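Worksheet: one structure, shown below.
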Amino acid sequence: MTANVTTIKDLQNGMKRVSVEAKVVEKGDPREVKSRFKDETYRIVDAVVADETGSVKLTLWNEQIDQVNVAITSKLTTVT
């Protein structure tokens, strides 16, 4: 793995500024959800990503849905 990349087995709840290199092994069908706070509707898809250490569910929102495809390895980064 590349420097500053976390493996899936090392992910912990509440981590921030995490980068993971993983292959998308499954990607569900898009569905719509309505915001509880705004009068807006969002598209979401549940996907499963995996590296050599394990796998994890990943929820993709709106434009993220078209940015990942099954069998493609991607660097996924969160800044929250």
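By convention here, the chains of the structure tokens are called A, B, ... in the order presented, each chain's residues are numbered starting at 1, and ligands are numbered starting at 1 in the order presented.
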
Note to self: Applying 6 Å and only C-alpha atoms, which residues near region 50-65 of chain A remain after dropping the ones on its own chain fewer than 3 positions away? List them as a PyMOL selection string.
What the structure shows: chain A and resi 8-9+22-23+43-47

Would you mind exporting N, CA, C and O atoms of the selected residues as a PDB file, in the first residue's frame?
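And here is the file that came out, out_28.pdb:
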ATOM      1  N   ILE A   8      -8.083  -1.607   5.251  1.00  0.00           N
ATOM      2  CA  ILE A   8      -9.444  -1.765   5.747  1.00  0.00           C
ATOM      3  C   ILE A   8      -9.456  -2.353   7.152  1.00  0.00           C
ATOM      4  O   ILE A   8     -10.217  -1.914   8.002  1.00  0.00           O
ATOM      5  N   LYS A   9      -8.573  -3.302   7.441  1.00  0.00           N
ATOM      6  CA  LYS A   9      -8.584  -3.907   8.782  1.00  0.00           C
ATOM      7  C   LYS A   9      -8.215  -2.903   9.874  1.00  0.00           C
ATOM      8  O   LYS A   9      -8.569  -3.088  11.028  1.00  0.00           O
ATOM      9  N   ALA A  22      -8.840   0.556  -2.406  1.00  0.00           N
ATOM     10  CA  ALA A  22      -9.630  -0.661  -2.376  1.00  0.00           C
ATOM     11  C   ALA A  22     -10.316  -0.897  -3.712  1.00  0.00           C
ATOM     12  O   ALA A  22     -10.578   0.040  -4.459  1.00  0.00           O
ATOM     13  N   LYS A  23     -10.608  -2.157  -3.972  1.00  0.00           N
ATOM     14  CA  LYS A  23     -11.324  -2.538  -5.189  1.00  0.00           C
ATOM     15  C   LYS A  23     -12.809  -2.605  -4.873  1.00  0.00           C
ATOM     16  O   LYS A  23     -13.218  -3.140  -3.840  1.00  0.00           O
ATOM     17  N   ARG A  43     -29.696  10.721  -4.304  1.00  0.00           N
ATOM     18  CA  ARG A  43     -29.507   9.349  -4.788  1.00  0.00           C
ATOM     19  C   ARG A  43     -28.400   8.721  -3.964  1.00  0.00           C
ATOM     20  O   ARG A  43     -27.369   9.348  -3.711  1.00  0.00           O
ATOM     21  N   ILE A  44     -28.594   7.457  -3.540  1.00  0.00           N
ATOM     22  CA  ILE A  44     -27.545   6.737  -2.839  1.00  0.00           C
ATOM     23  C   ILE A  44     -27.437   5.319  -3.377  1.00  0.00           C
ATOM     24  O   ILE A  44     -28.392   4.770  -3.923  1.00  0.00           O
ATOM     25  N   VAL A  45     -26.243   4.748  -3.219  1.00  0.00           N
ATOM     26  CA  VAL A  45     -25.964   3.367  -3.594  1.00  0.00           C
ATOM     27  C   VAL A  45     -25.064   2.776  -2.524  1.00  0.00           C
ATOM     28  O   VAL A  45     -24.112   3.423  -2.087  1.00  0.00           O
ATOM     29  N   ASP A  46     -25.362   1.550  -2.114  1.00  0.00           N
ATOM     30  CA  ASP A  46     -24.467   0.829  -1.214  1.00  0.00           C
ATOM     31  C   ASP A  46     -23.514  -0.001  -2.057  1.00  0.00           C
ATOM     32  O   ASP A  46     -23.934  -0.671  -3.008  1.00  0.00           O
ATOM     33  N   ALA A  47     -22.229   0.071  -1.713  1.00  0.00           N
ATOM     34  CA  ALA A  47     -21.199  -0.698  -2.407  1.00  0.00           C
ATOM     35  C   ALA A  47     -20.365  -1.434  -1.367  1.00  0.00           C
ATOM     36  O   ALA A  47     -20.395  -1.096  -0.178  1.00  0.00           O
TER      37      ALA A  47
END

Check: How would you write, as a PyMOL selection string, the set of residues in chain A that DSSP gives as strand (DSSP E)?
Finding: chain A and resi 18-27+31-34+41-51+54-61+73-78

Item checked: Residue list (helix (DSSP H, G or I), DSSP) for chain A, as a PyMOL selection string -> chain A and resi 8-10+62-67

Notebook entry, point to check: What separation in Å, quoted to one decimal, exists between CA of Thr77 (chain A) and CA of Thr6 (chain A)?
Noted result: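 Taking CA of Thr77 (chain A) as the start and CA of Thr6 (chain A) as the end point, the length is 10.0 Å.
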
Checklist line | All residues 10 Å or closer to Thr41 (chain A), only C-alpha atoms, same chain fewer than 6 positions away omitted, as a ChimeraX atom specification | finding: /A:32-35,62

Writing out the chosen residues with C-alpha atoms as a PDB file, in the first residue's frame:
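Writing the result to result-v5.pdb gives the following:
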ATOM      1  CA  GLU A  32     -33.629   7.897  -3.680  1.00  0.00           C
ATOM      2  CA  VAL A  33     -33.844   9.187  -0.114  1.00  0.00           C
ATOM      3  CA  LYS A  34     -35.516  12.355   1.094  1.00  0.00           C
ATOM      4  CA  SER A  35     -33.640  14.675   3.443  1.00  0.00           C
ATOM      5  CA  ASN A  62     -25.143  11.551  -5.779  1.00  0.00           C
TER       6      ASN A  62
END

Next item on the list: May I have the residues within 6 Å of Val24 (chain A) as a list in words, using only C-alpha atoms and disregarding those fewer than 6 positions away in the same chain?
Entry: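 My reading of the contact set: Val48, Val49, Val70, Ala71 and Ile72 of chain A.
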
Selection to disk with all heavy atoms, as a PDB file, in the first residue's frame:
ATOM      1  N   VAL A  48     -19.625  -2.428  -1.806  1.00  0.00           N
ATOM      2  CA  VAL A  48     -18.671  -3.119  -0.950  1.00  0.00           C
ATOM      3  C   VAL A  48     -17.299  -2.941  -1.586  1.00  0.00           C
ATOM      4  O   VAL A  48     -17.126  -3.177  -2.791  1.00  0.00           O
ATOM      5  CB  VAL A  48     -19.000  -4.621  -0.804  1.00  0.00           C
ATOM      6  CG1 VAL A  48     -17.931  -5.336   0.005  1.00  0.00           C
ATOM      7  CG2 VAL A  48     -20.377  -4.801  -0.164  1.00  0.00           C
ATOM      8  N   VAL A  49     -16.339  -2.468  -0.786  1.00  0.00           N
ATOM      9  CA  VAL A  49     -14.969  -2.314  -1.251  1.00  0.00           C
ATOM     10  C   VAL A  49     -14.072  -3.224  -0.429  1.00  0.00           C
ATOM     11  O   VAL A  49     -14.349  -3.496   0.741  1.00  0.00           O
ATOM     12  CB  VAL A  49     -14.491  -0.848  -1.179  1.00  0.00           C
ATOM     13  CG1 VAL A  49     -15.304   0.028  -2.116  1.00  0.00           C
ATOM     14  CG2 VAL A  49     -14.546  -0.309   0.234  1.00  0.00           C
ATOM     15  N   VAL A  70     -17.490  -1.442 -10.396  1.00  0.00           N
ATOM     16  CA  VAL A  70     -17.086  -2.761  -9.930  1.00  0.00           C
ATOM     17  C   VAL A  70     -15.813  -3.196 -10.652  1.00  0.00           C
ATOM     18  O   VAL A  70     -15.636  -2.936 -11.840  1.00  0.00           O
ATOM     19  CB  VAL A  70     -18.233  -3.789 -10.153  1.00  0.00           C
ATOM     20  CG1 VAL A  70     -17.763  -5.201  -9.839  1.00  0.00           C
ATOM     21  CG2 VAL A  70     -19.428  -3.410  -9.306  1.00  0.00           C
ATOM     22  N   ALA A  71     -14.920  -3.838  -9.903  1.00  0.00           N
ATOM     23  CA  ALA A  71     -13.633  -4.369 -10.379  1.00  0.00           C
ATOM     24  C   ALA A  71     -12.569  -3.319 -10.554  1.00  0.00           C
ATOM     25  O   ALA A  71     -11.461  -3.632 -10.987  1.00  0.00           O
ATOM     26  CB  ALA A  71     -13.809  -5.207 -11.644  1.00  0.00           C
ATOM     27  N   ILE A  72     -12.853  -2.069 -10.240  1.00  0.00           N
ATOM     28  CA  ILE A  72     -11.871  -1.002 -10.359  1.00  0.00           C
ATOM     29  C   ILE A  72     -11.312  -0.687  -8.966  1.00  0.00           C
ATOM     30  O   ILE A  72     -12.056  -0.547  -8.012  1.00  0.00           O
ATOM     31  CB  ILE A  72     -12.508   0.273 -10.959  1.00  0.00           C
ATOM     32  CG1 ILE A  72     -13.124  -0.012 -12.321  1.00  0.00           C
ATOM     33  CG2 ILE A  72     -11.508   1.420 -11.019  1.00  0.00           C
ATOM     34  CD1 ILE A  72     -12.125  -0.429 -13.390  1.00  0.00           C
TER      35      ILE A  72
END

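Distance annotation: of A:Asn13, A:Thr7, A:Ser74, A:Asp66, the residue with the minimal separation from Asp29 (chain A) is A:Asp66; atom set is only C-alpha atoms.
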